[in-house]
Amino acid sequence: MKKLFLLMIISAFLFSCGNNENKTKKEQTNQVTQEIVKLNVDTFLTKASEYVGKEIELTGTVNHVCKHGAKRLKLMGTDPEELIKVESGDKIEKFDVSLEGNEVCVKGIVKELIIDEEYIAQLESKMKNDDSKEHADDHHEDLSKIKEMRAKIKASGTDHISIYYITDCNEYKVVE
Amino acid sequence: MKLRKLNIILHRDLGYFFTGMIIIYSLSGIALNHLNEWNPDLIITKQEVKVKLPENSASINKQDVEKILADIGEKDNYKKYYFPKKNTLKIFLKVSHGSGSVNIDLKTGNGYIEKLARRPIFNEMNFLHRNNARKLWTWYSDIFALSLIILAISGLFILKGKKGIKGRGAWLTIAGILIPLIMLLLYY
C-alpha cells in the first residue's frame with residue numbers, strides 16, 4: 001500500500017512536470033508563429049537597430065565562409081564593402097564553404113556590438129598577445145579595420161559605433 | 001569470475017571494439033593540434049594567372065567574365081562576379097565539394113585563382129572529433145570517452161609483480177601524470 005501511494009505521488013509529480021513543459025512548449029510555439037521579418041542586406045544596414053534581439057530572415061550573397069571551422073560567413077548586398085557577419089547556431093555546426101558566391105537566406109537573431117575606445121583597446125591587446133595563425137585572415141582584417149573604427153567613431157560625433165550581425169543561425173536556404 | 005580475469009576481459013574487449021575510434025580521435029587530434037601550421041579541414045590552393053582584359057574594363061559584363069574564365073581554363077565554372085574594390089574583379093567559381101574564386105587586378109590583368117576543397121579523410125575525422133554531428137554521436141562519443149577511462153584504469157592492473165602497478169608501473173603512471181601538471185605550471 002505504501003509503495004502504491006509513493007508511486008502515485010511520483011506519477012503525479014511527473015505528470016505536472018510534463019504538463020508544465022507542454023505549456024511552455026505551446027507558449028514558445030505561439031511565439032515562433034509570429035511573423036518573422038524578412039530583409040535583404042541593404043535594408044538591414046539601415047534598419048538593423050530596430051531588430052536587435054529579434055529573429056529575422058536575411059537574404060544576401062555569401063562573400064566569405066570562415067576557413068577555420070566554417071562557423072561564420074559574411075553576406076553582402078549591393079555594396080561589397082558593407083558585410084554582415086552570420087554566426088551558426090547549435091543546429092548548424094558549420095556552413096558549407098561551397099556557399100561562397102551563392103545567394104542565401106539565413107534565419108537568426110540580430111545582435112549589436114558596441115565599439116568604443118575600450119573595445120578597440122581590448123582588441124589591440126588581444127591581437128598583440130595572440131600569435132596564433134589560426135585566424136590569420138581575420139586578424140589581418142581586424143588590424144586594418146581598427147583604424148577605420150576609430151575614424152568612424154570620430155565621424156559619428158559620439159563615443160561609439162554599433163555593428164549589427166546575425167547569431168544563432170539555425171536555418172538557411174540557398175536562393176540562387 | 002575472478003576480478004582480475006574480468007579486468008583483463010574488459011580491457012581486451014573494449015580495446016578491440018574502440019580501436020577504430022582511438023585511431024580516428026588520435027589522428028584528428030594531431031591534425032587539430034597543429035592549426036598554426038595547416039588547415040586540417042580544407043586544402044587551399046592558389047595559382048597566379050594573367051588574363052587578357054576586355055577593351056573596356058570599366059564596363060565588364062557576364063560575357064567578358066565568361067571569356068576570362070575560358071582563357072584560364074575555368075570555362076564551365078562560372079558562378080557569380082562582383083567588384084569588391086575599384087579596379088578589382090572577383091569571380092566566384094563552382095567547385096565540387098568546395099569553393100573557388102578568381103581575383104583580377106583590372107589595371108594589369110594579374111590575378112590569382114584560389115580554391116578550397118575538403119581535405120579527404122581528415123575532414124570527416126575532424127567532423128566526428130569536433131562533434132559536429134551532435135545527436136546520437138554525442139552519446140556515443142561520451143561512451144567512448146568513459147571507455148577510455150576504463151581502459152586506462154583496467155590497464156594498470158593487467159600485470160602482476162615488479163612489472164605491474166606495484167613495481168615499475170607505479171613510476172611510469174606517476175611520471176605520466178606529472179608531465180601534464182608540469183606543463184600546466186609552465187604554460188597555464
# chains A, B, ... in the order shown; residues from 1 in each chain; ligands from 1
>>> interface_residues(of="chain A", to="chain B", cutoff="12 Å", atoms="only C-alpha atoms", output="PyMOL selection string")
chain A and resi 61-71+76-83+88-103+130-136+176
>>> select_by_dssp(residues="chain B", states="strand (DSSP E or B)", output="short mmCIF file (atom, residue, chain, number, x, y, z; two decimals) with all heavy atoms, in the first residue's frame")
data_model
loop_
_atom_site.label_atom_id
_atom_site.label_comp_id
_atom_site.auth_asym_id
_atom_site.auth_seq_id
_atom_site.Cartn_x
_atom_site.Cartn_y
_atom_site.Cartn_z
N LEU B 42 40.54 21.82 -44.80
CA LEU B 42 40.49 22.24 -46.20
C LEU B 42 41.87 22.27 -46.83
O LEU B 42 42.87 22.58 -46.18
CB LEU B 42 39.90 23.66 -46.30
CG LEU B 42 38.49 23.87 -45.77
CD1 LEU B 42 38.16 25.35 -45.73
CD2 LEU B 42 37.46 23.12 -46.60
N ILE B 43 41.89 21.95 -48.12
CA ILE B 43 43.12 22.13 -48.91
C ILE B 43 42.92 23.42 -49.70
O ILE B 43 41.95 23.54 -50.46
CB ILE B 43 43.33 20.95 -49.88
CG1 ILE B 43 43.49 19.65 -49.11
CG2 ILE B 43 44.56 21.21 -50.75
CD1 ILE B 43 43.50 18.41 -49.98
N ILE B 44 43.80 24.39 -49.45
CA ILE B 44 43.66 25.69 -50.12
C ILE B 44 44.78 25.83 -51.13
O ILE B 44 45.96 25.72 -50.79
CB ILE B 44 43.73 26.83 -49.09
CG1 ILE B 44 42.64 26.64 -48.03
CG2 ILE B 44 43.57 28.19 -49.77
CD1 ILE B 44 42.74 27.55 -46.83
N THR B 45 44.39 26.02 -52.38
CA THR B 45 45.42 26.19 -53.42
C THR B 45 45.29 27.58 -54.03
O THR B 45 44.20 28.12 -54.16
CB THR B 45 45.26 25.14 -54.53
OG1 THR B 45 43.92 25.22 -55.05
CG2 THR B 45 45.50 23.74 -54.01
N LYS B 46 46.44 28.12 -54.41
CA LYS B 46 46.46 29.45 -55.00
C LYS B 46 47.33 29.40 -56.25
O LYS B 46 48.46 28.92 -56.20
CB LYS B 46 47.05 30.44 -53.99
CG LYS B 46 46.56 31.85 -54.14
CD LYS B 46 46.91 32.66 -52.89
CE LYS B 46 46.58 34.11 -53.10
NZ LYS B 46 46.85 34.93 -51.92
N GLN B 47 46.78 29.87 -57.35
CA GLN B 47 47.52 29.82 -58.61
C GLN B 47 47.48 31.20 -59.26
O GLN B 47 46.40 31.77 -59.47
CB GLN B 47 46.85 28.79 -59.53
CG GLN B 47 47.45 28.65 -60.90
CD GLN B 47 46.52 27.94 -61.86
OE1 GLN B 47 45.58 27.27 -61.46
NE2 GLN B 47 46.77 28.09 -63.15
N GLU B 48 48.66 31.71 -59.57
CA GLU B 48 48.70 33.04 -60.17
C GLU B 48 48.32 32.95 -61.64
O GLU B 48 48.66 31.97 -62.32
CB GLU B 48 50.11 33.63 -60.05
CG GLU B 48 50.64 33.57 -58.62
CD GLU B 48 51.16 34.92 -58.14
OE1 GLU B 48 51.69 35.66 -58.96
OE2 GLU B 48 51.03 35.19 -56.94
N VAL B 49 47.62 33.96 -62.11
CA VAL B 49 47.21 33.98 -63.52
C VAL B 49 47.39 35.38 -64.08
O VAL B 49 47.48 36.38 -63.35
CB VAL B 49 45.73 33.56 -63.70
CG1 VAL B 49 45.52 32.11 -63.34
CG2 VAL B 49 44.80 34.46 -62.92
N LYS B 50 47.46 35.43 -65.39
CA LYS B 50 47.48 36.72 -66.08
C LYS B 50 46.42 36.62 -67.17
O LYS B 50 46.44 35.69 -67.98
CB LYS B 50 48.86 36.96 -66.71
CG LYS B 50 48.94 38.18 -67.61
CD LYS B 50 49.76 39.28 -66.99
CE LYS B 50 49.80 40.46 -67.96
NZ LYS B 50 49.97 41.73 -67.27
N TYR B 78 31.63 29.15 -63.98
CA TYR B 78 31.16 30.48 -63.57
C TYR B 78 30.03 30.35 -62.55
O TYR B 78 29.12 29.53 -62.68
CB TYR B 78 30.63 31.24 -64.80
CG TYR B 78 29.89 32.51 -64.43
CD1 TYR B 78 30.59 33.68 -64.14
CD2 TYR B 78 28.50 32.53 -64.34
CE1 TYR B 78 29.92 34.84 -63.79
CE2 TYR B 78 27.82 33.69 -63.98
CZ TYR B 78 28.54 34.84 -63.71
OH TYR B 78 27.88 35.99 -63.35
N LYS B 79 30.10 31.18 -61.50
CA LYS B 79 29.01 31.21 -60.52
C LYS B 79 28.46 32.64 -60.43
O LYS B 79 27.29 32.88 -60.63
CB LYS B 79 29.50 30.74 -59.16
CG LYS B 79 28.38 30.47 -58.15
CD LYS B 79 28.94 30.22 -56.76
CE LYS B 79 28.75 28.81 -56.32
NZ LYS B 79 29.03 28.60 -54.89
N LYS B 80 29.32 33.56 -60.10
CA LYS B 80 28.88 34.95 -59.94
C LYS B 80 30.12 35.84 -59.98
O LYS B 80 31.24 35.37 -59.77
CB LYS B 80 28.19 35.09 -58.58
CG LYS B 80 27.41 36.39 -58.38
CD LYS B 80 26.61 36.37 -57.10
CE LYS B 80 25.22 35.88 -57.36
NZ LYS B 80 24.32 36.04 -56.21
N TYR B 81 29.92 37.14 -60.24
CA TYR B 81 31.06 38.06 -60.18
C TYR B 81 30.63 39.37 -59.54
O TYR B 81 29.44 39.70 -59.52
CB TYR B 81 31.65 38.31 -61.58
CG TYR B 81 30.82 39.22 -62.47
CD1 TYR B 81 31.11 40.59 -62.56
CD2 TYR B 81 29.76 38.71 -63.21
CE1 TYR B 81 30.35 41.42 -63.37
CE2 TYR B 81 29.00 39.54 -64.01
CZ TYR B 81 29.29 40.89 -64.10
OH TYR B 81 28.54 41.71 -64.91
N TYR B 82 31.59 40.08 -59.00
CA TYR B 82 31.33 41.42 -58.48
C TYR B 82 32.65 42.17 -58.37
O TYR B 82 33.71 41.60 -58.66
CB TYR B 82 30.59 41.38 -57.14
CG TYR B 82 31.43 41.03 -55.92
CD1 TYR B 82 31.77 42.01 -54.98
CD2 TYR B 82 31.86 39.73 -55.69
CE1 TYR B 82 32.51 41.69 -53.86
CE2 TYR B 82 32.61 39.41 -54.57
CZ TYR B 82 32.92 40.39 -53.66
OH TYR B 82 33.67 40.09 -52.54
N THR B 88 39.12 46.07 -59.15
CA THR B 88 39.30 44.66 -58.78
C THR B 88 38.05 43.90 -59.16
O THR B 88 36.94 44.33 -58.86
CB THR B 88 39.54 44.51 -57.26
OG1 THR B 88 40.65 45.29 -56.87
CG2 THR B 88 39.82 43.04 -56.91
N LEU B 89 38.28 42.78 -59.84
CA LEU B 89 37.17 41.91 -60.23
C LEU B 89 37.30 40.61 -59.46
O LEU B 89 38.40 40.03 -59.39
CB LEU B 89 37.23 41.64 -61.74
CG LEU B 89 36.34 40.52 -62.30
CD1 LEU B 89 34.87 40.87 -62.17
CD2 LEU B 89 36.70 40.22 -63.76
N LYS B 90 36.21 40.15 -58.87
CA LYS B 90 36.22 38.85 -58.19
C LYS B 90 35.14 37.98 -58.82
O LYS B 90 33.98 38.41 -58.97
CB LYS B 90 35.96 39.00 -56.70
CG LYS B 90 36.02 37.68 -55.95
CD LYS B 90 36.07 37.88 -54.44
CE LYS B 90 36.19 36.55 -53.71
NZ LYS B 90 36.38 36.69 -52.28
N ILE B 91 35.54 36.77 -59.20
CA ILE B 91 34.61 35.83 -59.83
C ILE B 91 34.53 34.61 -58.94
O ILE B 91 35.55 33.98 -58.64
CB ILE B 91 35.10 35.40 -61.23
CG1 ILE B 91 35.49 36.61 -62.08
CG2 ILE B 91 34.05 34.57 -61.92
CD1 ILE B 91 36.29 36.26 -63.32
N PHE B 92 33.32 34.26 -58.50
CA PHE B 92 33.13 33.03 -57.72
C PHE B 92 33.04 31.86 -58.69
O PHE B 92 32.40 31.95 -59.74
CB PHE B 92 31.85 33.10 -56.90
CG PHE B 92 31.92 34.06 -55.74
CD1 PHE B 92 31.20 35.23 -55.75
CD2 PHE B 92 32.71 33.77 -54.63
CE1 PHE B 92 31.26 36.12 -54.68
CE2 PHE B 92 32.78 34.65 -53.56
CZ PHE B 92 32.06 35.82 -53.59
N LEU B 93 33.67 30.75 -58.31
CA LEU B 93 33.68 29.56 -59.16
C LEU B 93 32.86 28.44 -58.54
O LEU B 93 32.75 28.35 -57.31
CB LEU B 93 35.12 29.05 -59.34
CG LEU B 93 36.13 30.00 -59.99
CD1 LEU B 93 37.52 29.37 -59.94
CD2 LEU B 93 35.74 30.30 -61.42
N LYS B 94 32.34 27.59 -59.40
CA LYS B 94 31.71 26.36 -58.92
C LYS B 94 32.82 25.33 -58.76
O LYS B 94 33.56 25.05 -59.70
CB LYS B 94 30.72 25.82 -59.96
CG LYS B 94 29.44 26.58 -60.08
CD LYS B 94 28.55 25.92 -61.13
CE LYS B 94 27.53 26.89 -61.65
NZ LYS B 94 26.83 26.41 -62.85
N VAL B 95 32.93 24.79 -57.56
CA VAL B 95 33.95 23.76 -57.30
C VAL B 95 33.26 22.62 -56.57
O VAL B 95 32.55 22.86 -55.59
CB VAL B 95 35.10 24.32 -56.43
CG1 VAL B 95 36.08 23.21 -56.04
CG2 VAL B 95 35.83 25.44 -57.14
N GLY B 98 33.55 22.15 -52.61
CA GLY B 98 34.44 23.22 -52.15
C GLY B 98 34.01 24.55 -52.71
O GLY B 98 32.86 24.73 -53.08
N SER B 99 34.94 25.48 -52.75
CA SER B 99 34.64 26.79 -53.33
C SER B 99 35.87 27.32 -54.03
O SER B 99 36.98 26.78 -53.85
CB SER B 99 34.19 27.77 -52.24
OG SER B 99 35.29 28.14 -51.43
N GLY B 100 35.68 28.32 -54.84
CA GLY B 100 36.82 28.90 -55.53
C GLY B 100 36.51 30.30 -55.99
O GLY B 100 35.34 30.68 -56.10
N SER B 101 37.55 31.06 -56.24
CA SER B 101 37.35 32.41 -56.74
C SER B 101 38.55 32.84 -57.55
O SER B 101 39.66 32.30 -57.40
CB SER B 101 37.13 33.39 -55.57
OG SER B 101 38.28 33.42 -54.74
N VAL B 102 38.30 33.78 -58.43
CA VAL B 102 39.37 34.39 -59.23
C VAL B 102 39.37 35.87 -58.90
O VAL B 102 38.32 36.51 -58.92
CB VAL B 102 39.11 34.21 -60.75
CG1 VAL B 102 40.27 34.76 -61.54
CG2 VAL B 102 38.86 32.76 -61.10
N ASN B 103 40.53 36.38 -58.54
CA ASN B 103 40.67 37.79 -58.22
C ASN B 103 41.58 38.43 -59.24
O ASN B 103 42.72 37.99 -59.42
CB ASN B 103 41.26 37.96 -56.81
CG ASN B 103 40.29 37.52 -55.74
OD1 ASN B 103 39.52 38.29 -55.21
ND2 ASN B 103 40.31 36.23 -55.43
N ILE B 104 41.08 39.45 -59.94
CA ILE B 104 41.83 40.07 -61.03
C ILE B 104 42.01 41.56 -60.79
O ILE B 104 41.05 42.26 -60.45
CB ILE B 104 41.09 39.88 -62.38
CG1 ILE B 104 40.76 38.41 -62.63
CG2 ILE B 104 41.88 40.49 -63.54
CD1 ILE B 104 41.92 37.56 -63.05
N ASP B 105 43.23 42.01 -61.00
CA ASP B 105 43.50 43.45 -60.98
C ASP B 105 43.16 43.98 -62.37
O ASP B 105 43.78 43.57 -63.36
CB ASP B 105 44.99 43.69 -60.65
CG ASP B 105 45.35 45.16 -60.57
OD1 ASP B 105 44.72 45.98 -61.28
OD2 ASP B 105 46.26 45.51 -59.83
N ASN B 110 46.72 41.01 -63.88
CA ASN B 110 47.29 39.99 -62.98
C ASN B 110 46.25 39.58 -61.95
O ASN B 110 45.42 40.39 -61.53
CB ASN B 110 48.52 40.55 -62.26
CG ASN B 110 49.67 40.80 -63.20
OD1 ASN B 110 49.84 40.09 -64.20
ND2 ASN B 110 50.47 41.83 -62.93
N GLY B 111 46.37 38.35 -61.55
CA GLY B 111 45.42 37.88 -60.56
C GLY B 111 45.78 36.50 -60.05
O GLY B 111 46.88 36.00 -60.31
N TYR B 112 44.84 35.89 -59.32
CA TYR B 112 45.09 34.54 -58.84
C TYR B 112 43.76 33.80 -58.70
O TYR B 112 42.71 34.40 -58.52
CB TYR B 112 45.83 34.55 -57.49
CG TYR B 112 45.11 35.24 -56.37
CD1 TYR B 112 44.25 34.53 -55.52
CD2 TYR B 112 45.27 36.61 -56.15
CE1 TYR B 112 43.58 35.17 -54.49
CE2 TYR B 112 44.60 37.24 -55.12
CZ TYR B 112 43.76 36.53 -54.30
OH TYR B 112 43.10 37.16 -53.26
N ILE B 113 43.89 32.48 -58.83
CA ILE B 113 42.74 31.59 -58.59
C ILE B 113 42.98 30.94 -57.23
O ILE B 113 44.04 30.38 -56.99
CB ILE B 113 42.67 30.46 -59.66
CG1 ILE B 113 42.63 31.05 -61.06
CG2 ILE B 113 41.46 29.58 -59.41
CD1 ILE B 113 42.75 29.98 -62.16
N GLU B 114 41.98 31.04 -56.38
CA GLU B 114 42.06 30.37 -55.07
C GLU B 114 40.95 29.34 -54.97
O GLU B 114 39.79 29.64 -55.26
CB GLU B 114 41.93 31.39 -53.94
CG GLU B 114 42.15 30.77 -52.56
CD GLU B 114 42.06 31.80 -51.43
OE1 GLU B 114 40.94 32.23 -51.12
OE2 GLU B 114 43.11 32.14 -50.86
N LYS B 115 41.34 28.13 -54.61
CA LYS B 115 40.32 27.08 -54.48
C LYS B 115 40.42 26.41 -53.12
O LYS B 115 41.53 26.22 -52.59
CB LYS B 115 40.50 26.03 -55.58
CG LYS B 115 40.11 26.53 -56.95
CD LYS B 115 40.08 25.40 -57.97
CE LYS B 115 39.69 25.96 -59.33
NZ LYS B 115 39.70 24.93 -60.37
N LEU B 116 39.26 26.08 -52.58
CA LEU B 116 39.18 25.38 -51.31
C LEU B 116 38.49 24.05 -51.55
O LEU B 116 37.40 24.01 -52.13
CB LEU B 116 38.36 26.16 -50.29
CG LEU B 116 38.99 27.34 -49.57
CD1 LEU B 116 39.25 28.51 -50.48
CD2 LEU B 116 38.08 27.77 -48.43
N ALA B 117 39.12 23.00 -51.13
CA ALA B 117 38.49 21.68 -51.25
C ALA B 117 38.58 20.97 -49.91
O ALA B 117 39.52 21.21 -49.15
CB ALA B 117 39.19 20.87 -52.34
N ARG B 118 37.63 20.12 -49.66
CA ARG B 118 37.65 19.36 -48.39
C ARG B 118 38.87 18.46 -48.37
O ARG B 118 39.17 17.79 -49.35
CB ARG B 118 36.40 18.49 -48.27
CG ARG B 118 35.16 19.26 -47.88
CD ARG B 118 34.01 18.31 -47.69
NE ARG B 118 32.75 18.99 -47.92
CZ ARG B 118 31.59 18.40 -48.13
NH1 ARG B 118 31.52 17.09 -48.13
NH2 ARG B 118 30.50 19.10 -48.33
#
>>> residues_around(residues="region 146-161 of chain B", least_positions_apart="6", cutoff="7 Å", atoms="only C-alpha atoms", output="list in words")
Asn7, Ile8, His11, Leu14 and Gly167 of chain B
>>> select_by_dssp(residues="region 16-119 of chain B", states="helix (DSSP H, G or I)", output="PyMOL selection string")
chain B and resi 16-17+19-33+57-59+62-71
>>> write_last_selection(atoms="N, CA and C atoms", output="mmCIF file, in the first residue's frame")
data_model
loop_
_atom_site.group_PDB
_atom_site.id
_atom_site.type_symbol
_atom_site.label_atom_id
_atom_site.label_comp_id
_atom_site.auth_asym_id
_atom_site.auth_seq_id
_atom_site.Cartn_x
_atom_site.Cartn_y
_atom_site.Cartn_z
ATOM 1 N N TYR B 16 39.630 -3.862 -28.325
ATOM 2 C CA TYR B 16 39.305 -4.300 -29.692
ATOM 3 C C TYR B 16 38.224 -3.395 -30.294
ATOM 4 N N PHE B 17 37.136 -3.243 -29.496
ATOM 5 C CA PHE B 17 35.956 -2.540 -30.012
ATOM 6 C C PHE B 17 36.258 -1.110 -30.402
ATOM 7 N N THR B 19 39.220 0.302 -31.178
ATOM 8 C CA THR B 19 40.459 0.550 -31.933
ATOM 9 C C THR B 19 40.246 1.626 -33.001
ATOM 10 N N GLY B 20 39.164 1.478 -33.754
ATOM 11 C CA GLY B 20 38.883 2.451 -34.818
ATOM 12 C C GLY B 20 38.711 3.851 -34.265
ATOM 13 N N MET B 21 37.939 3.969 -33.200
ATOM 14 C CA MET B 21 37.669 5.294 -32.607
ATOM 15 C C MET B 21 38.966 5.915 -32.087
ATOM 16 N N ILE B 22 39.833 5.072 -31.490
ATOM 17 C CA ILE B 22 41.097 5.602 -30.946
ATOM 18 C C ILE B 22 41.952 6.153 -32.076
ATOM 19 N N ILE B 23 41.983 5.435 -33.185
ATOM 20 C CA ILE B 23 42.782 5.914 -34.329
ATOM 21 C C ILE B 23 42.188 7.190 -34.904
ATOM 22 N N ILE B 24 40.848 7.233 -35.025
ATOM 23 C CA ILE B 24 40.185 8.439 -35.566
ATOM 24 C C ILE B 24 40.507 9.646 -34.691
ATOM 25 N N TYR B 25 40.288 9.496 -33.381
ATOM 26 C CA TYR B 25 40.482 10.634 -32.483
ATOM 27 C C TYR B 25 41.953 11.019 -32.365
ATOM 28 N N SER B 26 42.836 10.036 -32.470
ATOM 29 C CA SER B 26 44.273 10.354 -32.356
ATOM 30 C C SER B 26 44.765 11.106 -33.585
ATOM 31 N N LEU B 27 44.401 10.604 -34.757
ATOM 32 C CA LEU B 27 44.843 11.268 -35.993
ATOM 33 C C LEU B 27 44.242 12.672 -36.107
ATOM 34 N N SER B 28 42.953 12.782 -35.848
ATOM 35 C CA SER B 28 42.339 14.115 -35.941
ATOM 36 C C SER B 28 42.855 15.011 -34.814
ATOM 37 N N GLY B 29 43.192 14.401 -33.676
ATOM 38 C CA GLY B 29 43.773 15.184 -32.580
ATOM 39 C C GLY B 29 45.097 15.803 -32.981
ATOM 40 N N ILE B 30 45.924 15.027 -33.671
ATOM 41 C CA ILE B 30 47.206 15.564 -34.171
ATOM 42 C C ILE B 30 46.931 16.663 -35.189
ATOM 43 N N ALA B 31 45.963 16.410 -36.068
ATOM 44 C CA ALA B 31 45.623 17.407 -37.097
ATOM 45 C C ALA B 31 45.153 18.706 -36.470
ATOM 46 N N LEU B 32 44.280 18.604 -35.480
ATOM 47 C CA LEU B 32 43.710 19.798 -34.844
ATOM 48 C C LEU B 32 44.706 20.467 -33.901
ATOM 49 N N ASN B 33 45.747 19.722 -33.529
ATOM 50 C CA ASN B 33 46.759 20.261 -32.627
ATOM 51 C C ASN B 33 47.730 21.205 -33.329
ATOM 52 N N SER B 57 37.544 47.735 -69.726
ATOM 53 C CA SER B 57 37.480 47.022 -68.436
ATOM 54 C C SER B 57 36.625 47.769 -67.415
ATOM 55 N N ALA B 58 36.210 48.995 -67.770
ATOM 56 C CA ALA B 58 35.362 49.756 -66.844
ATOM 57 C C ALA B 58 33.916 49.263 -66.882
ATOM 58 N N SER B 59 33.556 48.544 -67.939
ATOM 59 C CA SER B 59 32.164 48.076 -68.016
ATOM 60 C C SER B 59 32.127 46.594 -68.367
ATOM 61 N N LYS B 62 28.854 39.934 -67.990
ATOM 62 C CA LYS B 62 28.946 38.488 -67.737
ATOM 63 C C LYS B 62 29.695 37.788 -68.876
ATOM 64 N N GLN B 63 29.462 38.230 -70.085
ATOM 65 C CA GLN B 63 30.142 37.604 -71.238
ATOM 66 C C GLN B 63 31.658 37.777 -71.134
ATOM 67 N N ASP B 64 32.068 38.979 -70.736
ATOM 68 C CA ASP B 64 33.507 39.250 -70.572
ATOM 69 C C ASP B 64 34.070 38.328 -69.488
ATOM 70 N N VAL B 65 33.323 38.176 -68.424
ATOM 71 C CA VAL B 65 33.769 37.329 -67.307
ATOM 72 C C VAL B 65 33.911 35.888 -67.772
ATOM 73 N N GLU B 66 32.938 35.426 -68.522
ATOM 74 C CA GLU B 66 32.988 34.032 -69.002
ATOM 75 C C GLU B 66 34.164 33.834 -69.943
ATOM 76 N N LYS B 67 34.488 34.867 -70.714
ATOM 77 C CA LYS B 67 35.636 34.757 -71.623
ATOM 78 C C LYS B 67 36.932 34.682 -70.817
ATOM 79 N N ILE B 68 36.998 35.487 -69.743
ATOM 80 C CA ILE B 68 38.186 35.447 -68.879
ATOM 81 C C ILE B 68 38.347 34.053 -68.297
ATOM 82 N N LEU B 69 37.225 33.474 -67.862
ATOM 83 C CA LEU B 69 37.286 32.133 -67.270
ATOM 84 C C LEU B 69 37.736 31.105 -68.302
ATOM 85 N N ALA B 70 37.243 31.231 -69.517
ATOM 86 C CA ALA B 70 37.637 30.285 -70.571
ATOM 87 C C ALA B 70 39.142 30.382 -70.824
ATOM 88 N N ASP B 71 39.677 31.605 -70.770
ATOM 89 C CA ASP B 71 41.116 31.812 -71.026
ATOM 90 C C ASP B 71 41.983 31.164 -69.965
#
>>> atom_distance(atom1="CA of Met149 (chain A)", atom2="CA of Ile115 (chain A)")
7.7 Å
>>> closest_residue(among="A:Leu143, A:Leu75, A:Ala151, A:Ile56", to="Lys107 (chain A)", atoms="only C-alpha atoms")
A:Ile56
>>> atom_distance(atom1="CA of Glu57 (chain A)", atom2="CA of Val106 (chain A)")
5.5 Å
>>> atom_distance(atom1="CA of Lys54 (chain A)", atom2="CA of Ile109 (chain A)")
5.3 Å
